Amino acid sequence: MFFPYRFDHKYIGLWWPLGARDGVDGVTVTNELFTACFGRSRLETPITNVTEAHVTHDYQWWKAVGMRLSFADDGLTFGTSTHGGVCVHFDEKVHRVIGFKDHSALTVTVDDLEGLVHAIDAARGSRSR
């Protein structure tokens, strides 16, 4: 299943220069892989490496929009709006996309937050059978 990002065009200056495009970029979940594409950047890991996914809200634009690292940990954000996101946690850290450390989590601002969480849970569940 493909989950496109929710693009807020008032922040176009923060995501457009990175190559992120409305209708093209987003998150794909299969029974085998979790893949997030953000312009020229991509994070991919086996679905078995995903341990949890949950919805988060109350974003401030300067912390949520663009491609950025967390100040609190080694998490990464692929952000296109402030409406909310899904924070996806990994068992084994995923090879770094930016920065100097591998990533233990990724936050993505997809349009269908609950749908992405349910798709991840379903894919993880199908792998454990």
# chains A, B, ... in the order shown; residues from 1 in each chain; ligands from 1
>>> select_by_dssp(residues="chain A", states="strand (DSSP E)", output="PyMOL selection string")
chain A and resi 2-4+26-29+33-38+41-46+50-56+66-69+76-79+85-94+103-108
>>> closest_atom_pairs(of="segment 44-123 of chain A", to="segment 2-10 of chain A", cutoff="12 Å", atoms="only C-alpha atoms", output="tab-separated table")
residue	atom	partner	partner_atom	distance
A:Trp61	CA	A:Lys10	CA	10.4
A:Ala64	CA	A:Asp8	CA	11.7
A:Val65	CA	A:Asp8	CA	9.3
A:Gly66	CA	A:Phe7	CA	10.7
A:Phe78	CA	A:Tyr5	CA	9.0
A:Gly79	CA	A:Tyr5	CA	8.0
A:Thr80	CA	A:Phe7	CA	5.0
A:Ser81	CA	A:Asp8	CA	5.0
A:Thr82	CA	A:Asp8	CA	8.0
A:His83	CA	A:Arg6	CA	8.2
A:Gly84	CA	A:Arg6	CA	9.3
A:Gly85	CA	A:Tyr5	CA	9.4
A:Val86	CA	A:Tyr5	CA	10.8
A:Thr107	CA	A:Tyr5	CA	11.3
A:Val108	CA	A:Tyr5	CA	7.5
A:Thr109	CA	A:Tyr5	CA	5.6
A:Val110	CA	A:Tyr5	CA	3.8
A:Asp111	CA	A:Arg6	CA	4.5
A:Asp112	CA	A:Phe3	CA	6.8
A:Leu113	CA	A:Phe3	CA	8.7
A:Glu114	CA	A:Phe3	CA	10.6
A:Gly115	CA	A:Phe3	CA	8.2
A:Leu116	CA	A:Phe3	CA	6.8
A:Val117	CA	A:Phe3	CA	10.5
A:His118	CA	A:Phe3	CA	11.6
A:Ala119	CA	A:Phe2	CA	9.6
A:Ile120	CA	A:Phe3	CA	11.2
>>> closest_residue(among="A:Cys87, A:Ile12, A:Leu33, A:Arg124", to="Thr56 of chain A", atoms="only C-alpha atoms")
A:Cys87
>>> closest_residue(among="A:Gln60, A:Thr77, A:Ser104, A:Ser41", to="Asp25 of chain A", atoms="only C-alpha atoms")
A:Ser41
>>> closest_residue(among="A:Leu14, A:Val24, A:Ala122, A:Ala53", to="Met67 of chain A", atoms="only C-alpha atoms")
A:Leu14
>>> closest_residue(among="A:Arg68, A:Glu44, A:Met1, A:Pro17", to="Val29 of chain A", atoms="only C-alpha atoms")
A:Met1
>>> residues_around(residues="Leu76 of chain A", least_positions_apart="5", cutoff="7 Å", atoms="only C-alpha atoms", output="MDAnalysis selection string")
chainID A and resid 68:70 103 105:107
>>> atom_distance(atom1="atom CA of Asp91 of chain A", atom2="atom CA of Thr35 of chain A")
15.4 Å
>>> residues_around(residues="Glu32 of chain A", least_positions_apart="5", cutoff="8 Å", atoms="only C-alpha atoms", output="mmCIF file with N, CA and C atoms, in the first residue's frame")
data_model
loop_
_atom_site.group_PDB
_atom_site.id
_atom_site.type_symbol
_atom_site.label_atom_id
_atom_site.label_comp_id
_atom_site.auth_asym_id
_atom_site.auth_seq_id
_atom_site.Cartn_x
_atom_site.Cartn_y
_atom_site.Cartn_z
ATOM 1 N N PRO A 46 13.383 -4.091 6.133
ATOM 2 C CA PRO A 46 12.389 -5.168 6.164
ATOM 3 C C PRO A 46 11.268 -4.833 7.145
ATOM 4 N N ILE A 47 10.056 -5.230 6.825
ATOM 5 C CA ILE A 47 8.927 -4.964 7.725
ATOM 6 C C ILE A 47 9.151 -5.645 9.078
ATOM 7 N N THR A 48 9.924 -6.718 9.107
ATOM 8 C CA THR A 48 10.223 -7.404 10.376
ATOM 9 C C THR A 48 11.100 -6.548 11.288
ATOM 10 N N ALA A 123 0.877 -5.725 8.134
ATOM 11 C CA ALA A 123 2.046 -6.337 7.475
ATOM 12 C C ALA A 123 2.920 -7.076 8.497
ATOM 13 N N ARG A 127 3.572 -11.342 8.840
ATOM 14 C CA ARG A 127 4.915 -11.930 8.859
ATOM 15 C C ARG A 127 5.092 -12.865 10.028
#
